[in-house]
file input-v8.txt (compact mmCIF, C-alpha atoms)
# COMPACT_ATOMS: atom_id res chain seq x y z
CA MET A 5 4.71 -6.90 -33.58
CA LEU A 6 7.63 -5.25 -31.81
CA GLU A 7 9.76 -2.73 -33.65
CA VAL A 8 12.95 -1.19 -32.32
CA VAL A 9 14.13 1.61 -34.58
CA ASP A 10 17.34 3.65 -34.66
CA PHE A 11 17.97 2.69 -31.05
CA GLU A 12 21.04 3.47 -28.98
CA VAL A 13 21.78 2.53 -25.38
CA ARG A 14 24.76 3.42 -23.25
CA ALA A 15 24.99 1.83 -19.81
CA TYR A 16 27.47 -0.01 -17.63
CA GLY A 17 30.29 0.87 -20.02
CA ILE A 18 28.50 -0.77 -22.96
CA GLU A 19 27.28 1.02 -26.05
CA ILE A 20 24.69 -0.74 -28.17
CA ARG A 21 23.21 0.37 -31.48
CA VAL A 22 20.26 -1.19 -33.26
CA GLU A 23 19.31 0.18 -36.64
CA GLU A 24 16.14 -1.84 -36.89
CA LEU A 25 14.71 -4.90 -35.20
CA ARG A 26 11.28 -6.27 -36.08
CA VAL A 27 9.90 -9.13 -34.04
CA SER A 28 6.76 -10.90 -35.15
CA GLY A 29 7.61 -14.53 -34.33
CA ARG A 30 10.28 -16.03 -32.12
CA THR A 31 13.40 -13.97 -32.44
CA VAL A 32 16.44 -15.11 -30.54
CA LEU A 33 18.87 -12.46 -29.41
CA LEU A 34 22.16 -14.29 -29.31
CA GLY A 35 25.38 -12.96 -27.84
CA ARG A 36 28.26 -13.75 -25.54
CA ASN A 37 28.20 -13.04 -21.82
CA GLY A 38 28.69 -9.32 -21.28
CA SER A 39 27.76 -8.42 -24.86
CA GLY A 40 24.86 -6.27 -23.63
CA LYS A 41 21.86 -8.49 -24.42
CA THR A 42 20.18 -7.86 -21.07
CA THR A 43 21.07 -4.16 -21.17
CA LEU A 44 19.44 -3.84 -24.60
CA MET A 45 16.32 -5.68 -23.45
CA ARG A 46 16.05 -3.59 -20.27
CA ALA A 47 16.15 -0.47 -22.43
CA VAL A 48 13.53 -1.86 -24.81
CA LEU A 49 11.34 -2.68 -21.80
CA GLY A 50 11.78 0.83 -20.41
CA PHE A 51 13.96 0.06 -17.38
CA LEU A 52 16.87 1.97 -18.89
CA ARG A 53 16.60 5.23 -20.82
CA PRO A 54 17.97 4.96 -24.37
CA GLU A 55 20.14 7.71 -25.82
CA ARG A 56 17.84 7.77 -28.83
CA GLY A 57 15.45 5.65 -30.82
CA ARG A 58 11.91 4.36 -30.66
CA VAL A 59 10.12 1.25 -29.49
CA LEU A 60 6.80 0.41 -31.12
CA VAL A 61 4.35 -2.32 -30.22
CA ASP A 62 1.74 -3.08 -32.88
CA GLY A 63 2.48 0.31 -34.40
CA SER A 64 2.05 2.31 -31.16
CA ASP A 65 5.03 4.22 -29.88
CA VAL A 66 5.70 3.09 -26.29
CA THR A 67 9.13 4.73 -25.94
CA ASP A 68 7.95 7.26 -23.39
CA LEU A 69 5.74 4.90 -21.39
CA PRO A 70 6.97 3.53 -18.06
CA PRO A 71 7.60 -0.25 -18.03
CA GLU A 72 4.40 -1.02 -16.13
CA ARG A 73 2.32 0.57 -18.90
CA ARG A 74 4.04 -1.07 -21.85
CA PRO A 75 2.18 -4.08 -23.27
CA MET A 76 5.26 -6.24 -22.87
CA GLY A 77 5.80 -9.23 -20.62
CA TYR A 78 9.22 -9.86 -19.13
CA VAL A 79 10.80 -12.85 -17.45
CA PRO A 80 14.27 -11.85 -16.17
CA GLN A 81 17.19 -14.23 -16.06
CA THR A 82 17.29 -14.32 -12.26
CA GLN A 83 14.52 -16.55 -11.02
CA VAL A 84 11.88 -14.43 -9.35
CA VAL A 85 10.41 -16.06 -6.26
CA LEU A 86 7.31 -14.29 -4.99
CA PRO A 87 6.11 -14.72 -1.40
CA MET A 88 3.22 -17.01 -2.23
CA ARG A 89 2.49 -20.55 -3.32
CA PRO A 90 2.42 -21.12 -7.10
CA VAL A 91 -1.36 -21.31 -7.28
CA GLU A 92 -1.68 -18.18 -5.15
CA GLN A 93 0.71 -16.35 -7.47
CA LEU A 94 -1.46 -17.18 -10.48
CA GLU A 95 -4.65 -16.30 -8.61
CA TYR A 96 -3.19 -12.98 -7.44
CA PHE A 97 -2.20 -11.79 -10.91
CA ALA A 98 -5.28 -13.27 -12.61
CA ARG A 99 -7.45 -11.27 -10.19
CA LEU A 100 -5.35 -8.17 -10.82
CA HIS A 101 -5.75 -8.44 -14.58
CA GLY A 102 -9.31 -9.76 -14.55
CA THR A 103 -8.58 -13.06 -16.22
CA ASP A 104 -8.68 -16.79 -15.56
CA TRP A 105 -5.37 -18.48 -14.81
CA ARG A 106 -6.45 -22.06 -15.54
CA PRO A 107 -6.24 -21.97 -19.37
CA VAL A 108 -2.73 -20.51 -19.21
CA ALA A 109 -1.61 -23.03 -16.60
CA GLU A 110 -3.04 -25.84 -18.71
CA GLN A 111 -1.42 -24.50 -21.87
CA LEU A 112 2.03 -24.50 -20.25
CA GLY A 113 1.52 -27.84 -18.48
CA LEU A 114 1.69 -26.26 -15.05
CA LEU A 115 -1.35 -27.86 -13.42
CA GLU A 116 0.57 -30.83 -12.05
CA PHE A 117 2.95 -28.77 -9.91
CA LEU A 118 0.77 -25.90 -8.79
CA GLU A 119 0.25 -27.27 -5.31
CA LYS A 120 3.94 -28.05 -4.78
CA ARG A 121 5.92 -26.04 -2.24
CA GLY A 122 9.42 -26.25 -3.67
CA LEU A 123 9.47 -25.87 -7.44
CA SER A 124 12.43 -26.88 -9.59
CA GLY A 125 14.18 -24.13 -11.55
CA GLY A 126 12.36 -25.03 -14.75
CA GLU A 127 8.98 -25.19 -13.02
CA ARG A 128 9.65 -21.80 -11.42
CA GLN A 129 10.47 -20.23 -14.78
CA LEU A 130 7.33 -21.72 -16.32
CA LEU A 131 5.27 -20.38 -13.46
CA ASN A 132 6.70 -16.92 -14.10
CA VAL A 133 6.06 -17.20 -17.84
CA ALA A 134 2.46 -18.21 -17.06
CA THR A 135 2.18 -15.27 -14.67
CA VAL A 136 3.39 -12.87 -17.35
CA LEU A 137 0.89 -14.26 -19.86
CA LEU A 138 -1.97 -13.42 -17.48
CA ARG A 139 -1.37 -9.78 -18.29
CA ARG A 140 -2.05 -10.57 -21.95
CA PRO A 141 1.07 -8.79 -23.25
CA LYS A 142 1.54 -8.21 -26.95
CA VAL A 143 5.23 -9.09 -26.81
CA LEU A 144 7.11 -11.45 -24.53
CA VAL A 145 10.74 -10.91 -23.53
CA LEU A 146 12.45 -13.95 -22.04
CA ASP A 147 15.95 -13.25 -20.77
CA GLU A 148 17.93 -16.49 -20.61
CA PRO A 149 14.97 -18.41 -19.21
CA THR A 150 16.93 -21.66 -19.09
CA LEU A 151 20.01 -20.21 -17.41
CA ASN A 152 21.41 -22.60 -14.76
CA LEU A 153 18.75 -25.19 -15.51
CA ASP A 154 19.68 -28.84 -15.95
CA PHE A 155 18.99 -30.55 -19.25
CA GLN A 156 15.57 -31.90 -18.32
CA ASN A 157 14.39 -28.56 -16.93
CA LYS A 158 15.63 -26.86 -20.10
CA LEU A 159 13.55 -29.21 -22.19
CA LEU A 160 10.56 -28.63 -19.91
CA VAL A 161 10.77 -24.87 -20.51
CA LEU A 162 11.52 -25.10 -24.23
CA ARG A 163 8.64 -27.53 -24.82
CA ALA A 164 6.19 -25.28 -22.98
CA LEU A 165 7.33 -22.18 -24.88
CA ARG A 166 6.27 -23.81 -28.16
CA SER A 167 2.66 -23.42 -27.08
CA ILE A 168 2.93 -19.63 -26.87
CA ASN A 169 1.80 -17.87 -30.00
CA MET A 170 2.92 -14.26 -29.85
CA PRO A 171 6.03 -12.24 -30.71
CA ILE A 172 8.82 -13.41 -28.42
CA ILE A 173 12.34 -12.13 -27.94
CA TYR A 174 14.34 -14.96 -26.47
CA VAL A 175 17.72 -13.92 -25.12
CA THR A 176 20.44 -16.53 -24.89
CA HIS A 177 24.20 -17.02 -25.11
CA ASP A 178 23.77 -20.61 -26.30
CA PRO A 179 23.83 -21.08 -30.11
CA LEU A 180 22.30 -24.56 -29.93
CA GLU A 181 19.40 -23.28 -27.86
CA ALA A 182 19.00 -20.46 -30.38
CA LEU A 183 18.72 -23.01 -33.18
CA LEU A 184 16.09 -24.94 -31.22
CA VAL A 185 13.91 -21.96 -30.37
CA ALA A 186 14.23 -19.39 -33.13
CA ASP A 187 12.28 -18.49 -36.19
CA GLU A 188 14.90 -15.78 -36.61
CA ILE A 189 18.24 -15.16 -34.95
CA ALA A 190 19.86 -11.80 -34.32
CA VAL A 191 23.41 -11.64 -33.02
CA LEU A 192 24.66 -8.91 -30.72
CA LYS A 193 28.36 -8.42 -31.26
CA ASN A 194 30.65 -5.50 -30.42
CA GLY A 195 27.65 -3.32 -29.61
CA ARG A 196 25.98 -3.89 -32.98
CA LEU A 197 22.99 -6.03 -33.78
CA GLU A 198 23.46 -8.26 -36.80
CA GLY A 199 20.40 -9.78 -38.40
CA PRO A 200 17.90 -11.10 -37.65
CA GLU A 201 18.15 -13.90 -40.15
CA ARG A 202 15.85 -16.83 -40.64
CA ASN A 203 16.79 -19.96 -38.70
CA ARG A 204 17.22 -22.67 -41.32
CA MET A 205 18.53 -25.28 -38.91
CA ARG A 206 15.70 -25.81 -36.45
CA GLU A 207 14.71 -29.19 -37.78
CA TRP A 208 18.29 -30.35 -37.65
CA ALA A 209 18.67 -29.04 -34.08
CA GLU A 210 15.43 -30.64 -32.95
CA GLU A 211 16.42 -33.97 -34.45
CA SER A 212 19.89 -33.85 -32.91
CA ILE A 213 18.61 -32.88 -29.49
CA GLY A 214 15.92 -35.56 -29.78
CA LYS A 215 18.58 -38.20 -30.34
CA PHE A 216 20.72 -36.85 -27.53
CA ALA A 217 17.73 -36.68 -25.19
CA SER A 218 16.88 -40.32 -25.92
CA LEU A 219 20.45 -41.35 -25.18
CA TYR A 220 20.46 -39.24 -22.01
CA ALA A 221 17.19 -40.77 -20.86
CA GLU A 222 18.49 -44.24 -21.59
CA LEU A 223 21.70 -43.60 -19.66
CA LEU A 224 19.77 -42.36 -16.65
CA GLY A 225 17.18 -45.11 -16.88
CA LEU A 226 14.39 -42.60 -17.53
CA GLU A 227 11.37 -43.10 -19.69
CA MET B 14 36.70 -26.59 10.42
CA VAL B 15 35.81 -27.85 13.89
CA ARG B 16 38.82 -26.01 15.29
CA ILE B 17 37.70 -22.62 13.98
CA GLN B 18 34.20 -23.29 15.29
CA LEU B 19 35.60 -24.10 18.74
CA TYR B 20 37.66 -20.93 18.56
CA ALA B 21 34.53 -18.86 17.78
CA LEU B 22 32.63 -20.49 20.65
CA SER B 23 35.55 -19.82 23.05
CA VAL B 24 35.71 -16.16 22.06
CA GLY B 25 31.96 -15.85 22.62
CA LEU B 26 32.15 -17.44 26.06
CA PHE B 27 35.20 -15.41 27.02
CA TYR B 28 33.52 -12.20 25.87
CA PHE B 29 30.46 -12.91 27.97
CA SER B 30 32.51 -14.00 31.01
CA PHE B 31 34.81 -11.00 30.67
CA LEU B 32 31.79 -8.73 30.89
CA THR B 33 29.91 -10.42 33.66
CA ILE B 34 32.02 -12.57 36.01
CA PRO B 35 34.21 -9.84 37.61
CA ALA B 36 31.12 -7.79 38.41
CA ILE B 37 29.28 -10.81 39.84
CA ILE B 38 32.25 -11.76 42.02
CA ARG B 39 32.99 -8.30 43.31
CA TYR B 40 29.59 -6.69 43.90
CA ARG B 41 26.23 -7.45 45.43
CA LEU B 42 23.56 -7.41 42.79
CA ILE B 43 20.89 -4.82 43.50
CA LEU B 44 17.88 -4.07 41.35
CA THR B 45 16.22 -0.86 42.51
CA ASN B 46 12.65 0.22 41.89
CA GLU B 47 14.00 3.16 39.91
CA PHE B 48 15.80 0.73 37.62
CA LEU B 49 12.65 -1.32 37.06
CA GLN B 50 10.69 1.85 36.30
CA ALA B 51 13.44 3.00 33.91
CA LEU B 52 13.31 -0.43 32.25
CA VAL B 53 9.57 -0.02 31.60
CA ASN B 54 10.02 3.57 30.35
CA THR B 55 12.77 2.50 27.98
CA ALA B 56 10.80 -0.45 26.65
CA VAL B 57 7.73 1.68 26.00
CA ALA B 58 9.71 4.46 24.31
CA SER B 59 11.68 1.94 22.23
CA THR B 60 8.45 0.34 21.05
CA PHE B 61 6.94 3.67 19.98
CA SER B 62 10.20 4.66 18.32
CA THR B 63 10.43 1.39 16.38
CA LEU B 64 6.81 1.58 15.27
CA ILE B 65 7.62 4.99 13.77
CA VAL B 66 10.97 3.95 12.34
CA LEU B 67 10.04 0.67 10.69
CA PRO B 68 7.57 1.88 8.03
CA LEU B 69 9.83 4.82 7.33
CA ALA B 70 12.85 2.52 6.99
CA ALA B 71 10.96 0.10 4.72
CA LEU B 72 9.68 2.76 2.33
CA THR B 73 13.01 4.55 2.22
CA ALA B 74 14.86 1.27 1.71
CA GLN B 75 12.75 0.44 -1.33
CA GLY B 76 13.13 3.94 -2.76
CA SER B 77 16.87 3.88 -2.25
CA LEU B 78 17.50 0.84 -4.41
CA SER B 79 17.70 2.74 -7.68
CA GLY B 80 18.15 6.11 -9.34
CA LEU B 81 18.10 9.27 -7.28
CA GLY B 82 16.96 7.35 -4.21
CA LYS B 83 20.46 5.87 -3.88
CA ALA B 84 21.58 9.24 -2.53
CA ALA B 85 19.61 8.46 0.64
CA VAL B 86 22.05 5.69 1.60
CA PRO B 87 25.07 7.76 2.68
CA VAL B 88 22.78 10.34 4.28
CA LEU B 89 20.85 7.84 6.36
CA THR B 90 23.86 5.83 7.41
CA ALA B 91 26.08 8.83 8.23
CA THR B 92 24.75 9.11 11.77
CA VAL B 93 26.06 5.63 12.59
CA SER B 94 29.58 7.04 12.84
CA VAL B 95 28.64 10.20 14.73
CA PRO B 96 28.82 10.17 18.56
CA HIS B 97 25.26 10.21 19.78
CA THR B 98 25.91 13.11 22.09
CA ALA B 99 26.49 15.09 18.89
CA ILE B 100 23.14 13.91 17.59
CA GLY B 101 21.59 15.02 20.86
CA VAL B 102 23.18 18.45 20.45
CA LEU B 103 21.84 18.70 16.90
CA LEU B 104 18.36 17.70 18.07
CA SER B 105 18.39 20.11 20.98
CA PRO B 106 17.19 23.24 19.11
CA LEU B 107 14.12 21.34 17.97
CA VAL B 108 13.46 19.71 21.33
CA PHE B 109 14.18 22.75 23.50
CA GLY B 110 12.45 25.06 21.01
CA SER B 111 9.27 22.99 21.13
CA GLY B 112 9.38 22.71 24.92
CA THR B 113 9.47 18.91 24.79
CA SER B 114 12.79 18.33 26.54
CA ASP B 115 12.60 15.78 29.34
CA THR B 116 9.44 14.25 27.94
CA MET B 117 8.59 10.87 26.47
CA ALA B 118 8.21 12.57 23.06
CA ALA B 119 11.82 13.76 23.13
CA ILE B 120 13.01 10.29 24.15
CA VAL B 121 11.07 8.67 21.28
CA LEU B 122 12.42 11.25 18.81
CA ALA B 123 16.03 10.73 19.86
CA MET B 124 15.60 6.96 19.77
CA ALA B 125 13.99 7.10 16.33
CA VAL B 126 16.82 9.20 14.92
CA VAL B 127 19.52 6.80 16.11
CA SER B 128 17.71 3.59 15.21
CA LEU B 129 16.48 4.53 11.73
CA PRO B 130 19.84 3.72 10.07
CA ILE B 131 19.76 0.19 11.54
CA GLY B 132 16.24 -0.62 10.32
CA PHE B 133 16.95 1.00 6.97
CA THR B 134 20.20 -0.91 6.43
CA VAL B 135 18.76 -4.32 7.36
CA ILE B 136 15.65 -3.96 5.17
CA ARG B 137 17.55 -2.40 2.28
CA GLY B 138 20.11 -5.24 2.34
CA ALA B 139 17.33 -7.81 2.18
CA MET B 140 15.52 -5.98 -0.63
CA ALA B 141 18.73 -5.58 -2.61
CA SER B 142 19.35 -9.32 -2.34
CA LEU B 143 16.11 -9.89 -4.27
CA GLY B 144 17.87 -8.44 -7.32
CA HIS B 145 16.62 -5.85 -9.79
CA GLY B 146 14.98 -8.64 -11.82
CA TYR B 147 12.46 -9.07 -9.00
CA PHE B 148 11.30 -5.46 -9.21
CA GLU B 149 11.40 -5.38 -13.00
CA PHE B 150 9.27 -8.50 -13.14
CA LEU B 151 6.67 -6.90 -10.88
CA ARG B 152 6.68 -3.66 -12.86
CA SER B 153 6.32 -5.50 -16.15
CA MET B 154 3.31 -7.20 -14.55
CA GLY B 155 1.73 -3.76 -14.33
CA LEU B 156 2.40 -3.26 -10.63
CA SER B 157 3.63 -0.01 -9.16
CA GLY B 158 3.86 1.93 -5.90
CA LEU B 159 2.41 0.37 -2.78
CA ARG B 160 1.53 -2.93 -4.47
CA ILE B 161 5.23 -3.53 -5.14
CA THR B 162 6.08 -2.41 -1.61
CA ALA B 163 3.53 -4.79 -0.10
CA LEU B 164 4.80 -7.79 -2.07
CA THR B 165 8.43 -6.89 -1.42
CA LEU B 166 7.87 -6.60 2.30
CA ARG B 167 6.25 -10.03 2.29
CA SER B 168 9.28 -11.38 0.43
CA VAL B 169 11.66 -9.97 3.05
CA ARG B 170 9.40 -10.47 6.07
CA THR B 171 12.09 -12.17 8.15
CA ALA B 172 14.40 -9.23 7.55
CA VAL B 173 11.60 -6.86 8.58
CA LEU B 174 11.26 -8.76 11.85
CA LEU B 175 15.03 -8.65 12.28
CA ALA B 176 15.00 -4.92 11.53
CA PHE B 177 12.29 -4.46 14.16
CA LEU B 178 14.35 -6.27 16.79
CA LEU B 179 17.62 -4.52 15.98
CA SER B 180 15.98 -1.09 15.77
CA TRP B 181 14.17 -1.74 19.03
CA PHE B 182 17.38 -2.67 20.81
CA ARG B 183 19.30 0.19 19.26
CA ALA B 184 16.64 2.52 20.63
CA PHE B 185 16.63 0.69 23.96
CA SER B 186 20.39 1.11 24.41
CA GLU B 187 20.49 4.80 23.54
CA LEU B 188 22.29 7.08 25.99
CA GLY B 189 24.25 9.88 24.29
CA ALA B 190 21.39 11.76 22.66
CA LEU B 191 19.16 11.25 25.71
CA LEU B 192 21.75 12.82 28.02
CA ILE B 193 21.36 16.02 26.00
CA VAL B 194 17.64 16.18 25.23
CA ALA B 195 15.75 13.98 27.73
CA ARG B 196 17.08 12.75 31.06
CA ARG B 197 13.53 12.28 32.30
CA PRO B 198 11.47 10.15 32.35
CA LEU B 199 14.35 7.94 33.41
CA THR B 200 15.62 5.43 30.85
CA VAL B 201 18.04 2.61 31.63
CA GLY B 202 21.08 4.21 30.02
CA VAL B 203 20.55 7.47 31.89
CA TYR B 204 19.75 5.57 35.10
CA ILE B 205 23.05 3.70 35.02
CA TYR B 206 25.02 6.81 34.16
CA GLU B 207 23.43 9.01 36.82
CA PHE B 208 23.28 6.43 39.61
CA PHE B 209 26.86 5.39 38.93
CA LEU B 210 27.96 9.00 39.40
CA SER B 211 25.81 9.69 42.43
CA ARG B 212 25.75 6.35 44.32
CA GLY B 213 28.61 4.26 42.97
CA THR B 214 29.17 1.10 40.99
CA GLU B 215 27.49 -1.35 43.35
CA PHE B 216 24.17 0.39 42.90
CA VAL B 217 24.07 -0.11 39.13
CA VAL B 218 25.91 -3.41 38.53
CA GLY B 219 22.74 -5.47 38.99
CA GLY B 220 20.91 -3.41 36.37
CA ALA B 221 23.82 -3.58 33.96
CA LEU B 222 23.96 -7.36 34.28
CA ALA B 223 20.21 -7.65 33.79
CA LEU B 224 20.56 -5.67 30.55
CA VAL B 225 23.35 -7.91 29.30
CA LEU B 226 21.28 -11.03 30.01
CA LEU B 227 18.30 -9.53 28.25
CA SER B 228 20.45 -8.68 25.24
CA LEU B 229 21.87 -12.20 25.24
CA LEU B 230 18.37 -13.62 24.87
CA VAL B 231 17.74 -11.27 21.98
CA GLY B 232 21.09 -12.17 20.46
CA PHE B 233 19.96 -15.80 20.23
CA GLY B 234 16.67 -14.66 18.72
CA VAL B 235 18.44 -12.54 16.12
CA ALA B 236 20.83 -15.37 15.23
CA ARG B 237 17.85 -17.66 14.73
CA LEU B 238 16.11 -15.11 12.52
CA GLU B 239 19.25 -14.56 10.44
CA ARG B 240 19.51 -18.30 9.93
CA ASP B 241 15.86 -18.54 8.87
CA ALA B 242 16.18 -15.49 6.63
CA GLY B 243 18.90 -17.13 4.56
CA GLY B 244 20.23 -13.82 3.38
CA ARG B 245 16.90 -12.05 3.13

call {"tool": "encode", "arguments": {"input": "input-v8.txt", "output": "structure tokens"}}
result
Amino acid sequence: MLEVVDFEVRAYGIEIRVEELRVSGRTVLLGRNGSGKTTLMRAVLGFLRPERGRVLVDGSDVTDLPPERRPMGYVPQTQVVLPMRPVEQLEYFARLHGTDWRPVAEQLGLLEFLEKRGLSGGERQLLNVATVLLRRPKVLVLDEPTLNLDFQNKLLVLRALRSINMPIIYVTHDPLEALLVADEIAVLKNGRLEGPERNRMREWAEESIGKFASLYAELLGLE
Amino acid sequence: MVRIQLYALSVGLFYFSFLTIPAIIRYRLILTNEFLQALVNTAVASTFSTLIVLPLAALTAQGSLSGLGKAAVPVLTATVSVPHTAIGVLLSPLVFGSGTSDTMAAIVLAMAVVSLPIGFTVIRGAMASLGHGYFEFLRSMGLSGLRITALTLRSVRTAVLLAFLLSWFRAFSELGALLIVARRPLTVGVYIYEFFLSRGTEFVVGGALALVLLSLLVGFGVARLERDAGGR
């Protein structure tokens, strides 16, 4: 579980305060562009120094640890392209962390495009999520992982994320996406975090998107 | 669109012709043995200088992307706007004090000082274009130090090659600092300056043209690399 307690960040002209945030399932951090979602996450991950407050992972205080030593995985909103083929990327980090990449790749449905040279945006994000999982983090932070992805790629990412069973903070500006993904939703507004509150509309959102996806597929002549 | 492209091509051709045709028409083209020897000296010194500069530029570029390291940027790029004779003067206490004036070591030192900003700027620009998300991703993967540097350099490898070429040619074309700290062994810039003064234009026009043609070849190479780099 991730706990952010009495936390305050000031950076880039934004001031953010979080009294308490506990993440044990999928918590969506929802907010408008420029509201400070990424700034808050970068501080929680240790890339920015908070004015005050603590970050705990499974009860251990990690506030003073550098990012590389925190048991937290991070996929930033800009798509990271490493200088290696997808399978080499997984092999490299699996070797580094003494693990096997195949189960993770299988879990996220990556096996079919591992030998490809040019990955789509969604495939690239999934590859990076898989890479992060190889480190066996205790918390996963996904910053707008579907940003600039087309509808099908969004669905590809969202479907794969369902298979991950660990505390996740999912940052987005899209309320509908929040409804699809979240167990709980916290809203960042005017520098204050409101919530999180339980997402009572996921079934409705899934059903609605399901209908829309069918129509979309029909219109495009897809299966 | 085509018109502006034609305009750019015309300016390029005019620029080249403006530099070369009057000299070709007016003078006999002579390449002396001294010039060829100076060419070899300059190439060797430029290579040593670039081999020193490039790792330094790469490490400094990475360090300068965030935090306190950013302060390195104005410091390392300041010398670009300083006349290189001034740099030579500033290097002279070190060179004369160590008894290395008029040696290959002094030439390499002067070349390294003037070409470091070029290599640094090219590599830093490419690294910055990766975005801070790239570095944060690697750090959150547990990587630090040289592992991040190694991956980053692979990501910007075309820019590193470009930085090598540009640093090499910046070193190769150095004159100002060399006039102060190392006139010997003879390098091409010093050769042209000295032989122009002592024997006249005709004696050095051939060498000057050879240098322009050589640079033109490199210019095409650099343009190709920039195209392949796609901003990196």

call {"tool": "residues_around", "arguments": {"input": "input-v8.txt", "residues": "Arg206 in chain A", "least_positions_apart": "2", "cutoff": "10 Å", "atoms": "only C-alpha atoms", "output": "PyMOL selection string"}}
result
chain A and resi 180-187+202-204+208-212

call {"tool": "closest_residue", "arguments": {"input": "input-v8.txt", "among": "A:Glu127, A:Glu72, A:Asp147, A:Glu207", "to": "chain B", "atoms": "all atoms listed in the file"}}
result
A:Glu72

call {"tool": "atom_distance", "arguments": {"input": "input-v8.txt", "atom1": "CA of Ala118 in chain B", "atom2": "CA of Ser59 in chain B"}}
result
11.2 Å

call {"tool": "interface_residues", "arguments": {"input": "input-v8.txt", "of": "chain A", "to": "chain B", "cutoff": "9 Å", "atoms": "all atoms listed in the file", "output": "MDAnalysis selection string"}}
result
chainID A and resid 46 49 51 70:88 97 101 132 135:136 138:139

call {"tool": "residues_around", "arguments": {"input": "input-v8.txt", "residues": "Asp115 in chain B", "least_positions_apart": "6", "cutoff": "12 Å", "atoms": "all atoms listed in the file", "output": "list in words"}}
result
Ser105, Val108, Phe109, Val121, Leu122, Ala123, Ala190, Leu191, Leu192, Ile193, Val194, Ala195, Arg196, Arg197, Pro198, Leu199, Thr200 and Val203 of chain B

call {"tool": "residues_around", "arguments": {"input": "input-v8.txt", "residues": "Gly199 in chain A", "least_positions_apart": "2", "cutoff": "7 Å", "atoms": "all atoms listed in the file", "output": "short mmCIF file (atom, residue, chain, number, x, y, z; two decimals) with C-alpha atoms, keeping the file's coordinate frame"}}
result
data_model
loop_
_atom_site.label_atom_id
_atom_site.label_comp_id
_atom_site.auth_asym_id
_atom_site.auth_seq_id
_atom_site.Cartn_x
_atom_site.Cartn_y
_atom_site.Cartn_z
CA ILE A 189 18.24 -15.16 -34.95
CA ALA A 190 19.86 -11.80 -34.32
CA VAL A 191 23.41 -11.64 -33.02
CA LEU A 197 22.99 -6.03 -33.78
CA GLU A 201 18.15 -13.90 -40.15
#

call {"tool": "atom_distance", "arguments": {"input": "input-v8.txt", "atom1": "CA of Leu49 in chain B", "atom2": "CA of Phe182 in chain B"}}
result
17.0 Å

call {"tool": "decode", "arguments": {"input": "input-v8.txt", "residues": "range 9-44 of chain A", "atoms": "C-alpha atoms", "output": "mmCIF file, in the first residue's frame"}}
result
data_model
loop_
_atom_site.group_PDB
_atom_site.id
_atom_site.type_symbol
_atom_site.label_atom_id
_atom_site.label_comp_id
_atom_site.auth_asym_id
_atom_site.auth_seq_id
_atom_site.Cartn_x
_atom_site.Cartn_y
_atom_site.Cartn_z
ATOM 1 C CA VAL A 9 0.655 11.925 4.413
ATOM 2 C CA ASP A 10 0.564 15.656 5.147
ATOM 3 C CA PHE A 11 2.317 16.291 1.841
ATOM 4 C CA GLU A 12 3.061 19.641 0.258
ATOM 5 C CA VAL A 13 4.778 20.377 -3.044
ATOM 6 C CA ARG A 14 5.669 23.707 -4.573
ATOM 7 C CA ALA A 15 7.088 23.683 -8.094
ATOM 8 C CA TYR A 16 6.596 25.412 -11.424
ATOM 9 C CA GLY A 17 4.325 27.991 -9.806
ATOM 10 C CA ILE A 18 1.969 25.304 -8.494
ATOM 11 C CA GLU A 19 1.295 24.564 -4.852
ATOM 12 C CA ILE A 20 -0.251 21.211 -4.012
ATOM 13 C CA ARG A 21 -1.373 19.926 -0.628
ATOM 14 C CA VAL A 22 -2.415 16.388 0.194
ATOM 15 C CA GLU A 23 -3.645 15.670 3.682
ATOM 16 C CA GLU A 24 -3.789 11.941 3.185
ATOM 17 C CA LEU A 25 -3.836 9.580 0.235
ATOM 18 C CA ARG A 26 -3.940 5.810 0.679
ATOM 19 C CA VAL A 27 -3.647 3.626 -2.387
ATOM 20 C CA SER A 28 -4.266 -0.087 -2.126
ATOM 21 C CA GLY A 29 -6.148 -0.769 -5.371
ATOM 22 C CA ARG A 30 -6.488 1.272 -8.533
ATOM 23 C CA THR A 31 -6.707 4.901 -7.601
ATOM 24 C CA VAL A 32 -7.204 7.383 -10.383
ATOM 25 C CA LEU A 33 -5.780 10.838 -9.892
ATOM 26 C CA LEU A 34 -8.058 13.014 -11.961
ATOM 27 C CA GLY A 35 -7.472 16.659 -12.786
ATOM 28 C CA ARG A 36 -7.412 19.203 -15.566
ATOM 29 C CA ASN A 37 -4.327 19.940 -17.636
ATOM 30 C CA GLY A 38 -1.940 22.040 -15.568
ATOM 31 C CA SER A 39 -3.600 21.123 -12.271
ATOM 32 C CA GLY A 40 -0.342 19.606 -10.993
ATOM 33 C CA LYS A 41 -1.047 15.870 -11.289
ATOM 34 C CA THR A 42 2.351 15.080 -12.791
ATOM 35 C CA THR A 43 4.115 17.441 -10.385
ATOM 36 C CA LEU A 44 2.492 15.672 -7.430
#
